[in-house]
Structures are given as C-alpha cells and as structure tokens.
file upload.tsv (TSV, C-alpha atoms)
chain	number	residue	atom	x	y	z
A	1	MET	CA	142.99	-59.89	-95.33
A	2	THR	CA	141.56	-60.93	-98.69
A	3	LEU	CA	142.74	-57.64	-100.17
A	4	LEU	CA	146.18	-58.15	-98.64
A	5	ALA	CA	146.45	-61.75	-99.86
A	6	GLY	CA	145.69	-60.59	-103.40
A	7	HIS	CA	147.90	-57.51	-103.36
A	8	PRO	CA	149.94	-57.27	-106.58
A	9	THR	CA	153.38	-56.46	-105.15
A	10	LYS	CA	152.96	-57.74	-101.57
A	11	VAL	CA	154.84	-54.73	-100.29
A	12	GLY	CA	153.39	-53.07	-97.20
A	13	ARG	CA	154.76	-50.48	-94.80
A	14	LEU	CA	155.60	-51.22	-91.19
A	15	ALA	CA	155.62	-48.35	-88.71
A	16	PHE	CA	156.68	-48.15	-85.11
A	17	VAL	CA	158.28	-45.66	-82.77
A	18	ASP	CA	162.05	-45.78	-82.42
A	19	GLN	CA	163.80	-43.31	-80.18
A	20	ASP	CA	160.97	-40.85	-80.06
A	21	TYR	CA	160.24	-40.58	-83.79
A	22	PRO	CA	158.06	-42.89	-85.85
A	23	ILE	CA	159.77	-45.02	-88.48
A	24	VAL	CA	158.25	-46.47	-91.66
A	25	LEU	CA	159.86	-49.29	-93.62
A	26	PRO	CA	158.75	-51.09	-96.79
A	27	VAL	CA	158.24	-54.77	-96.07
A	28	ASN	CA	157.54	-57.72	-98.31
A	29	PHE	CA	154.71	-59.63	-96.67
A	30	ARG	CA	152.45	-62.63	-97.00
A	31	VAL	CA	149.22	-63.61	-95.27
A	32	HIS	CA	149.61	-66.77	-93.21
A	33	ARG	CA	146.83	-68.18	-91.02
A	34	GLY	CA	144.99	-64.88	-91.24
A	35	SER	CA	147.95	-62.79	-90.12
A	36	VAL	CA	150.58	-60.69	-91.83
A	37	VAL	CA	154.02	-62.36	-91.80
A	38	PHE	CA	157.33	-61.03	-93.08
A	39	ARG	CA	161.04	-61.62	-92.72
A	40	SER	CA	163.75	-59.44	-91.36
A	41	ASP	CA	167.51	-59.26	-91.44
A	42	THR	CA	169.14	-60.51	-88.30
A	43	GLY	CA	171.17	-57.39	-88.01
A	44	SER	CA	168.38	-54.89	-88.39
A	45	LYS	CA	168.37	-52.61	-85.39
A	46	TYR	CA	165.01	-51.35	-86.56
A	47	MET	CA	163.42	-54.76	-86.51
A	48	ALA	CA	164.89	-55.42	-83.10
A	49	ALA	CA	163.30	-52.18	-81.96
A	50	ALA	CA	159.94	-53.25	-83.42
A	51	MET	CA	159.79	-56.54	-81.52
A	52	GLY	CA	157.21	-56.59	-78.78
A	53	GLN	CA	156.14	-53.06	-79.66
A	54	LYS	CA	152.90	-51.58	-80.84
A	55	VAL	CA	153.19	-51.37	-84.59
A	56	ALA	CA	151.12	-50.39	-87.59
A	57	PHE	CA	151.19	-52.16	-90.93
A	58	GLU	CA	149.64	-50.52	-93.94
A	59	VAL	CA	148.90	-51.94	-97.37
A	60	ASP	CA	147.31	-50.00	-100.18
A	61	ASP	CA	146.59	-50.11	-103.86
A	62	VAL	CA	146.17	-46.55	-105.03
A	63	ASP	CA	145.74	-45.23	-108.53
A	64	GLU	CA	146.65	-41.58	-108.36
A	65	ALA	CA	145.43	-40.74	-111.84
A	66	TRP	CA	142.01	-42.24	-111.31
A	67	GLN	CA	141.84	-41.19	-107.67
A	68	GLU	CA	140.66	-44.59	-106.60
A	69	GLY	CA	141.96	-47.43	-104.54
A	70	TRP	CA	141.98	-48.91	-101.08
A	71	SER	CA	144.06	-48.83	-97.94
A	72	VAL	CA	144.12	-51.24	-95.02
A	73	LEU	CA	145.66	-50.42	-91.65
A	74	ILE	CA	146.57	-53.14	-89.16
A	75	GLN	CA	147.55	-52.16	-85.65
A	76	GLY	CA	149.00	-54.67	-83.27
A	77	MET	CA	152.15	-56.21	-81.87
A	78	CYS	CA	155.13	-57.73	-83.63
A	79	HIS	CA	156.31	-61.13	-82.53
A	80	GLU	CA	158.71	-63.72	-83.88
A	81	ILE	CA	157.61	-67.10	-85.21
A	82	THR	CA	160.03	-69.80	-84.10
A	83	ASP	CA	157.95	-72.97	-84.43
A	84	PRO	CA	159.76	-75.07	-87.11
A	85	HIS	CA	156.50	-76.42	-88.52
A	86	GLN	CA	155.08	-72.95	-89.07
A	87	LEU	CA	158.37	-71.70	-90.49
A	88	LYS	CA	158.32	-74.51	-93.03
A	89	LEU	CA	154.76	-73.66	-94.03
A	90	ILE	CA	155.76	-70.02	-94.44
A	91	ASP	CA	158.73	-71.04	-96.62
A	92	GLY	CA	156.15	-72.49	-98.97
A	93	ILE	CA	154.19	-69.29	-99.54
A	94	GLY	CA	156.89	-67.43	-101.40
A	95	LEU	CA	157.98	-65.03	-98.73
A	96	ASN	CA	161.09	-63.19	-99.80
A	97	ALA	CA	162.64	-60.39	-97.89
A	98	TRP	CA	162.96	-57.04	-99.45
A	99	ALA	CA	166.71	-56.87	-98.97
A	100	GLY	CA	169.45	-59.39	-98.37
A	101	ALA	CA	169.68	-62.46	-96.23
A	102	ASN	CA	167.00	-62.99	-93.66
A	103	MET	CA	166.79	-64.89	-90.49
A	104	HIS	CA	163.77	-63.85	-88.52
A	105	THR	CA	160.17	-64.48	-89.40
A	106	LEU	CA	157.82	-61.99	-87.81
A	107	GLU	CA	154.07	-61.94	-87.44
A	108	ILE	CA	151.73	-59.10	-86.62
A	109	LEU	CA	149.26	-60.07	-83.93
A	110	HIS	CA	146.51	-57.70	-84.90
A	111	HIS	CA	144.60	-55.76	-82.37
A	112	ARG	CA	142.60	-53.69	-84.86
A	113	ILE	CA	142.10	-53.77	-88.63
A	114	THR	CA	140.56	-50.80	-90.43
A	115	GLY	CA	140.32	-49.80	-94.04
A	116	ARG	CA	138.97	-47.36	-96.50
A	117	ARG	CA	138.06	-47.54	-100.13
A	118	ILE	CA	138.10	-44.61	-102.51
A	119	VAL	CA	135.81	-44.93	-105.51
B	120	MET	CA	164.43	-35.07	-102.40
B	121	THR	CA	165.42	-35.63	-106.03
B	122	LEU	CA	164.14	-39.21	-105.78
B	123	LEU	CA	160.91	-37.99	-104.22
B	124	ALA	CA	160.40	-35.28	-106.83
B	125	GLY	CA	160.75	-37.88	-109.57
B	126	HIS	CA	158.64	-40.56	-107.93
B	127	PRO	CA	156.24	-42.13	-110.45
B	128	THR	CA	153.02	-42.15	-108.41
B	129	LYS	CA	153.84	-39.44	-105.83
B	130	VAL	CA	152.21	-41.54	-103.14
B	131	GLY	CA	154.07	-41.76	-99.85
B	132	ARG	CA	153.08	-43.00	-96.40
B	133	LEU	CA	152.66	-40.73	-93.42
B	134	ALA	CA	153.04	-42.25	-89.95
B	135	PHE	CA	152.41	-40.84	-86.51
B	136	VAL	CA	151.17	-41.99	-83.16
B	137	ASP	CA	147.48	-41.64	-82.44
B	138	GLN	CA	146.06	-42.84	-79.16
B	139	ASP	CA	148.95	-45.09	-78.32
B	140	TYR	CA	149.25	-46.96	-81.62
B	141	PRO	CA	151.11	-45.84	-84.73
B	142	ILE	CA	149.02	-45.02	-87.80
B	143	VAL	CA	150.11	-45.14	-91.44
B	144	LEU	CA	148.19	-43.42	-94.22
B	145	PRO	CA	148.86	-43.21	-97.96
B	146	VAL	CA	149.35	-39.59	-98.98
B	147	ASN	CA	149.69	-37.93	-102.36
B	148	PHE	CA	152.63	-35.56	-102.07
B	149	ARG	CA	154.77	-33.07	-103.93
B	150	VAL	CA	158.15	-31.53	-103.21
B	151	HIS	CA	157.92	-27.78	-102.69
B	152	ARG	CA	160.91	-25.64	-101.68
B	153	GLY	CA	162.80	-28.77	-100.66
B	154	SER	CA	160.06	-30.06	-98.39
B	155	VAL	CA	157.29	-32.61	-98.70
B	156	VAL	CA	153.85	-31.02	-98.97
B	157	PHE	CA	150.45	-32.67	-99.14
B	158	ARG	CA	146.79	-31.88	-98.62
B	159	SER	CA	144.33	-33.16	-96.15
B	160	ASP	CA	140.59	-33.25	-95.68
B	161	THR	CA	139.32	-30.71	-93.22
B	162	GLY	CA	137.43	-33.36	-91.37
B	163	SER	CA	140.24	-35.84	-90.96
B	164	LYS	CA	140.68	-36.58	-87.30
B	165	TYR	CA	143.91	-38.33	-88.23
B	166	MET	CA	145.39	-35.28	-89.82
B	167	ALA	CA	144.33	-33.17	-86.88
B	168	ALA	CA	146.14	-35.64	-84.66
B	169	ALA	CA	149.26	-35.39	-86.82
B	170	MET	CA	149.54	-31.63	-86.57
B	171	GLY	CA	152.45	-30.47	-84.48
B	172	GLN	CA	153.48	-34.06	-83.83
B	173	LYS	CA	156.59	-35.99	-84.65
B	174	VAL	CA	155.84	-37.80	-87.88
B	175	ALA	CA	157.57	-40.05	-90.38
B	176	PHE	CA	157.04	-39.90	-94.11
B	177	GLU	CA	158.28	-42.73	-96.28
B	178	VAL	CA	158.53	-42.95	-100.05
B	179	ASP	CA	159.84	-45.97	-101.91
B	180	ASP	CA	160.09	-47.48	-105.33
B	181	VAL	CA	160.46	-51.19	-104.89
B	182	ASP	CA	160.49	-53.90	-107.51
B	183	GLU	CA	159.70	-57.08	-105.67
B	184	ALA	CA	160.51	-59.40	-108.55
B	185	TRP	CA	163.95	-57.92	-109.11
B	186	GLN	CA	164.57	-57.27	-105.45
B	187	GLU	CA	165.79	-53.81	-106.11
B	188	GLY	CA	164.69	-50.30	-105.34
B	189	TRP	CA	165.05	-47.49	-102.88
B	190	SER	CA	163.38	-46.14	-99.81
B	191	VAL	CA	163.60	-42.70	-98.22
B	192	LEU	CA	162.48	-41.93	-94.68
B	193	ILE	CA	161.83	-38.38	-93.53
B	194	GLN	CA	161.31	-37.71	-89.84
B	195	GLY	CA	160.07	-34.37	-88.64
B	196	MET	CA	157.08	-32.31	-87.67
B	197	CYS	CA	153.87	-31.62	-89.54
B	198	HIS	CA	152.73	-28.05	-89.90
B	199	GLU	CA	150.12	-26.23	-91.92
B	200	ILE	CA	150.94	-23.78	-94.70
B	201	THR	CA	148.59	-20.81	-94.57
B	202	ASP	CA	150.54	-18.17	-96.52
B	203	PRO	CA	148.36	-17.39	-99.60
B	204	HIS	CA	151.38	-16.87	-101.85
B	205	GLN	CA	152.81	-20.27	-101.00
B	206	LEU	CA	149.41	-21.92	-101.33
B	207	LYS	CA	149.08	-20.50	-104.82
B	208	LEU	CA	152.51	-21.80	-105.79
B	209	ILE	CA	151.57	-25.23	-104.44
B	210	ASP	CA	148.34	-25.16	-106.47
B	211	GLY	CA	150.56	-24.94	-109.52
B	212	ILE	CA	152.54	-28.12	-108.87
B	213	GLY	CA	149.69	-30.53	-109.39
B	214	LEU	CA	148.99	-31.49	-105.84
B	215	ASN	CA	145.80	-33.50	-105.62
B	216	ALA	CA	144.56	-35.14	-102.50
B	217	TRP	CA	144.12	-38.83	-102.43
B	218	ALA	CA	140.47	-38.63	-101.48
B	219	GLY	CA	137.76	-36.03	-101.75
B	220	ALA	CA	137.69	-32.35	-101.00
B	221	ASN	CA	140.69	-30.83	-99.30
B	222	MET	CA	141.25	-27.77	-97.31
B	223	HIS	CA	144.54	-27.98	-95.49
B	224	THR	CA	147.98	-27.90	-97.01
B	225	LEU	CA	150.56	-29.51	-94.80
B	226	GLU	CA	154.32	-29.51	-94.90
B	227	ILE	CA	156.83	-31.76	-93.22
B	228	LEU	CA	159.58	-29.79	-91.54
B	229	HIS	CA	162.27	-32.42	-91.72
B	230	HIS	CA	164.52	-33.12	-88.83
B	231	ARG	CA	166.27	-36.12	-90.40
B	232	ILE	CA	166.30	-37.71	-93.86
B	233	THR	CA	167.68	-41.20	-94.37
B	234	GLY	CA	167.52	-43.67	-97.20
B	235	ARG	CA	168.65	-46.98	-98.50
B	236	ARG	CA	169.10	-48.40	-101.92
B	237	ILE	CA	168.83	-52.07	-102.78
B	238	VAL	CA	170.71	-53.15	-105.88
call {"tool": "encode", "arguments": {"input": "upload.tsv", "output": "structure tokens"}}
result
Amino acid sequence: MTLLAGHPTKVGRLAFVDQDYPIVLPVNFRVHRGSVVFRSDTGSKYMAAAMGQKVAFEVDDVDEAWQEGWSVLIQGMCHEITDPHQLKLIDGIGLNAWAGANMHTLEILHHRITGRRIV
Amino acid sequence: MTLLAGHPTKVGRLAFVDQDYPIVLPVNFRVHRGSVVFRSDTGSKYMAAAMGQKVAFEVDDVDEAWQEGWSVLIQGMCHEITDPHQLKLIDGIGLNAWAGANMHTLEILHHRITGRRIV
C-alpha cells in the first residue's frame, strides 16, 4: 500500500470477468484508509458488472530498459462507498477519474495482496 | 494493433482467472503477424494457468495530468508458439521478458479487440 500511495501516475488496472471473458480497464486510484479507491462513470456497464464481483487490481512501476521494477496485485471485492463523510474525505485526496464525469466511488475490499520486485 | 506496435514501453497487462479470482500481470509484449506475443518463465504457475484459457490483454497510454490517452483491450485465448521459424522471427523483434530467464513464447489469439480514446 505504501508503494501504491507513492505511485507516480496513480493509474492501476482493474480486472474482472464480464460475460465469460476477463476485462482489464485502466483506473485512476488513490489509497484511502488502507484500501484502493477509485471513481467510475455512472453509465459504465463495465463498472456495474464489477460491483459485488471478485476483482483484481494491479499496480506496477516497470522500467523495461533496465528490467527492474515492482508489481502489486490486489484481489478482492468491489463495493461502493456511499457514506457522505467518507466521500468528502476522498474528495480531498485528489481523486480524478480517468475519463469524464463520475458519480460512483468504489473501494476494493482486499482479500489478498501479493507483489513482486524485479531487481 | 498500430497503437500497440508503437507503444513506448511495450508493457501491457495480462488478465485471466486463476483459482476463482482474476489475476493481472505486467507483460512485455511485441506485435508479431498482427498478434500480441510475449515470453514467460518456464516455472511460472500463472502462465501455466493462463494457457488455453480465456484471457484479456490491455495496453494503454494514459496521461493523468492531461486526462487524455487511449486504452486497447484484447480478449482471446493464450497459446504457445513452438514453430522454430516463428520463434526465430520473434527473436528478431526485440522481445525481452520482464523478469529473468524465459522459455515459452506465447501468443494471444484474439477473439475481440476494443478500445477507447480519451481526448
């Protein structure tokens, strides 16, 4: 979570299964209370499909040329944050969405966190 | 595929389902004969799990500050390339693995390619 909180672009990738195939989407995230939070368009059918599902969220910082870097994989469930107090706190940590207007704030309740470092 | 072939870091994310949960891994890729190819450690239990499975492969180029970029999602099956002639051609296109020694060359047989561009 320290690596994630200090990630330069704060873009991770969210994966889940939608209609039989996995899907991966780039997501702008922040770390809030030790969890990954992000926002989603109201109209996103993908995000709707991700709700309440087993998901994976991956963040990495890889330098291809130097063949070094790290990768963190979070596996868990996606749920929506609706508590106004928490939403206000999250507004304060600079969470933008990757694309367009956003309505839903989602959190990943992690079941397992793993990582690897290449040196 | 043109976007992927010109991607600056040639790092994409491979997702598949392993033991109930999705997994996402950063993967150094190239485009070969119109398909995504990459290499994998012999010992990777993850890659073994991905073989013959429905997978997703995502590549993006996102500028968080400017809120612009693109994302391409490939959904298909993973299979191993064993033809020596093809392997030699792939050796010539600068395909390194992200980590350590590599033995297997994998290809994504795409079933569906989708993308979005944020401007």
call {"tool": "closest_residue", "arguments": {"input": "upload.tsv", "among": "A:Leu95, A:Ala15, A:Ala49, A:Ile74", "to": "Ser35 (chain A)", "atoms": "only C-alpha atoms"}}
result
A:Ile74
call {"tool": "calpha_fit_and_write", "arguments": {"input": "upload.tsv", "fixed": "chain A", "moving": "chain B", "output": "compact mmCIF listing (two decimals) with C-alpha atoms, in the coordinates of the input"}}
result
# COMPACT_ATOMS: atom_id res chain seq x y z
CA MET B 120 142.98 -59.89 -95.33
CA THR B 121 141.54 -60.93 -98.69
CA LEU B 122 142.74 -57.64 -100.18
CA LEU B 123 146.17 -58.15 -98.65
CA ALA B 124 146.44 -61.73 -99.87
CA GLY B 125 145.68 -60.57 -103.40
CA HIS B 126 147.90 -57.50 -103.35
CA PRO B 127 149.93 -57.25 -106.57
CA THR B 128 153.37 -56.44 -105.15
CA LYS B 129 152.95 -57.74 -101.58
CA VAL B 130 154.84 -54.72 -100.28
CA GLY B 131 153.39 -53.05 -97.22
CA ARG B 132 154.75 -50.46 -94.79
CA LEU B 133 155.60 -51.22 -91.20
CA ALA B 134 155.60 -48.34 -88.71
CA PHE B 135 156.68 -48.14 -85.11
CA VAL B 136 158.29 -45.68 -82.77
CA ASP B 137 162.05 -45.79 -82.42
CA GLN B 138 163.82 -43.32 -80.19
CA ASP B 139 160.99 -40.85 -80.06
CA TYR B 140 160.24 -40.59 -83.78
CA PRO B 141 158.05 -42.90 -85.85
CA ILE B 142 159.77 -45.02 -88.49
CA VAL B 143 158.24 -46.46 -91.65
CA LEU B 144 159.86 -49.27 -93.63
CA PRO B 145 158.74 -51.07 -96.79
CA VAL B 146 158.24 -54.75 -96.07
CA ASN B 147 157.53 -57.71 -98.33
CA PHE B 148 154.72 -59.63 -96.68
CA ARG B 149 152.44 -62.62 -97.00
CA VAL B 150 149.22 -63.60 -95.28
CA HIS B 151 149.61 -66.76 -93.22
CA ARG B 152 146.83 -68.17 -91.02
CA GLY B 153 144.99 -64.86 -91.24
CA SER B 154 147.95 -62.79 -90.11
CA VAL B 155 150.59 -60.70 -91.83
CA VAL B 156 154.01 -62.34 -91.80
CA PHE B 157 157.32 -61.03 -93.08
CA ARG B 158 161.04 -61.61 -92.72
CA SER B 159 163.74 -59.46 -91.37
CA ASP B 160 167.51 -59.28 -91.44
CA THR B 161 169.14 -60.53 -88.30
CA GLY B 162 171.16 -57.40 -88.03
CA SER B 163 168.36 -54.91 -88.40
CA LYS B 164 168.34 -52.64 -85.40
CA TYR B 165 164.98 -51.38 -86.59
CA MET B 166 163.40 -54.77 -86.51
CA ALA B 167 164.87 -55.43 -83.10
CA ALA B 168 163.28 -52.19 -81.97
CA ALA B 169 159.92 -53.27 -83.41
CA MET B 170 159.78 -56.54 -81.52
CA GLY B 171 157.18 -56.59 -78.79
CA GLN B 172 156.14 -53.05 -79.65
CA LYS B 173 152.90 -51.58 -80.84
CA VAL B 174 153.20 -51.37 -84.60
CA ALA B 175 151.11 -50.38 -87.59
CA PHE B 176 151.19 -52.15 -90.92
CA GLU B 177 149.62 -50.51 -93.94
CA VAL B 178 148.90 -51.94 -97.37
CA ASP B 179 147.29 -49.99 -100.18
CA ASP B 180 146.58 -50.10 -103.85
CA VAL B 181 146.17 -46.56 -105.03
CA ASP B 182 145.74 -45.26 -108.54
CA GLU B 183 146.66 -41.62 -108.37
CA ALA B 184 145.44 -40.75 -111.85
CA TRP B 185 142.00 -42.23 -111.29
CA GLN B 186 141.85 -41.22 -107.66
CA GLU B 187 140.66 -44.58 -106.60
CA GLY B 188 141.94 -47.44 -104.53
CA TRP B 189 141.96 -48.90 -101.07
CA SER B 190 144.03 -48.83 -97.94
CA VAL B 191 144.10 -51.23 -95.01
CA LEU B 192 145.67 -50.42 -91.65
CA ILE B 193 146.55 -53.14 -89.16
CA GLN B 194 147.54 -52.15 -85.64
CA GLY B 195 149.01 -54.67 -83.27
CA MET B 196 152.15 -56.19 -81.88
CA CYS B 197 155.12 -57.71 -83.64
CA HIS B 198 156.31 -61.12 -82.55
CA GLU B 199 158.71 -63.70 -83.88
CA ILE B 200 157.62 -67.09 -85.20
CA THR B 201 160.05 -69.78 -84.08
CA ASP B 202 157.96 -72.95 -84.44
CA PRO B 203 159.77 -75.05 -87.12
CA HIS B 204 156.51 -76.41 -88.54
CA GLN B 205 155.10 -72.94 -89.08
CA LEU B 206 158.39 -71.69 -90.50
CA LYS B 207 158.33 -74.49 -93.04
CA LEU B 208 154.77 -73.64 -94.05
CA ILE B 209 155.77 -69.99 -94.45
CA ASP B 210 158.73 -71.03 -96.63
CA GLY B 211 156.16 -72.49 -98.98
CA ILE B 212 154.19 -69.29 -99.54
CA GLY B 213 156.89 -67.42 -101.40
CA LEU B 214 157.99 -65.03 -98.73
CA ASN B 215 161.12 -63.22 -99.79
CA ALA B 216 162.68 -60.42 -97.87
CA TRP B 217 163.03 -57.08 -99.46
CA ALA B 218 166.77 -56.95 -98.97
CA GLY B 219 169.50 -59.48 -98.41
CA ALA B 220 169.76 -62.47 -96.16
CA ASN B 221 167.04 -63.02 -93.61
CA MET B 222 166.81 -64.90 -90.44
CA HIS B 223 163.76 -63.83 -88.51
CA THR B 224 160.16 -64.47 -89.41
CA LEU B 225 157.83 -61.99 -87.82
CA GLU B 226 154.08 -61.93 -87.45
CA ILE B 227 151.74 -59.10 -86.62
CA LEU B 228 149.27 -60.07 -83.93
CA HIS B 229 146.50 -57.71 -84.91
CA HIS B 230 144.60 -55.76 -82.36
CA ARG B 231 142.59 -53.69 -84.85
CA ILE B 232 142.09 -53.76 -88.62
CA THR B 233 140.57 -50.80 -90.42
CA GLY B 234 140.31 -49.80 -94.04
CA ARG B 235 138.94 -47.36 -96.50
CA ARG B 236 138.03 -47.55 -100.11
CA ILE B 237 138.09 -44.62 -102.50
CA VAL B 238 135.82 -44.94 -105.51
call {"tool": "closest_atom_pairs", "arguments": {"input": "upload.tsv", "of": "region 120-169 of chain B", "to": "region 22-34 of chain A", "cutoff": "10 Å", "atoms": "all atoms listed in the file", "output": "CSV"}}
result
residue,atom,partner,partner_atom,distance
B:Arg132,CA,A:Val24,CA,7.8
B:Leu133,CA,A:Val24,CA,8.2
B:Ala134,CA,A:Pro22,CA,6.5
B:Phe135,CA,A:Pro22,CA,6.0
B:Val136,CA,A:Pro22,CA,7.5
B:Pro141,CA,A:Pro22,CA,7.6
B:Ile142,CA,A:Pro22,CA,9.5
B:Val143,CA,A:Val24,CA,8.3
call {"tool": "write_last_selection", "arguments": {"input": "upload.tsv", "atoms": "C-alpha atoms", "output": "tab-separated table (two decimals), in the coordinates of the input"}}
result
chain	number	residue	atom	x	y	z
B	132	ARG	CA	153.08	-43.00	-96.40
B	133	LEU	CA	152.66	-40.73	-93.42
B	134	ALA	CA	153.04	-42.25	-89.95
B	135	PHE	CA	152.41	-40.84	-86.51
B	136	VAL	CA	151.17	-41.99	-83.16
B	141	PRO	CA	151.11	-45.84	-84.73
B	142	ILE	CA	149.02	-45.02	-87.80
B	143	VAL	CA	150.11	-45.14	-91.44
call {"tool": "residues_around", "arguments": {"input": "upload.tsv", "residues": "Glu199 (chain B)", "least_positions_apart": "5", "cutoff": "8 Å", "atoms": "all atoms listed in the file", "output": "list in words"}}
result
Met170, His223, Thr224, Leu225 and Glu226 of chain B
call {"tool": "interface_residues", "arguments": {"input": "upload.tsv", "of": "chain B", "to": "chain A", "cutoff": "7 Å", "atoms": "all atoms listed in the file", "output": "list in words"}}
result
Thr128, Ala134, Phe135, Tyr140, Pro141, Ile142, Val143, Lys173, Val174, Ala175, Glu177, Glu183, Gln186, Leu192, Gln194, Trp217, Ala218 and Ile237 of chain B
call {"tool": "atom_distance", "arguments": {"input": "upload.tsv", "atom1": "CA of Ile200 (chain B)", "atom2": "CA of Gly171 (chain B)"}}
result
12.3 Å
call {"tool": "axis_aligned_box", "arguments": {"input": "upload.tsv", "around": "region 209-215 of chain B", "padding_each_side": "4 Å", "output": "lines of an AutoDock Vina configuration file"}}
result
center_x = 149.2
center_y = -29.2
center_z = -107.0
size_x = 14.7
size_y = 16.6
size_z = 13.1
call {"tool": "closest_residue", "arguments": {"input": "upload.tsv", "among": "A:Gly92, A:His7, A:Asp18, A:Gln86", "to": "Ala48 (chain A)", "atoms": "only C-alpha atoms"}}
result
A:Asp18
call {"tool": "atom_distance", "arguments": {"input": "upload.tsv", "atom1": "CA of Thr201 (chain B)", "atom2": "CA of Gln138 (chain B)"}}
result
27.0 Å
call {"tool": "atom_distance", "arguments": {"input": "upload.tsv", "atom1": "CA of Met103 (chain A)", "atom2": "CA of Arg39 (chain A)"}}
result
7.0 Å
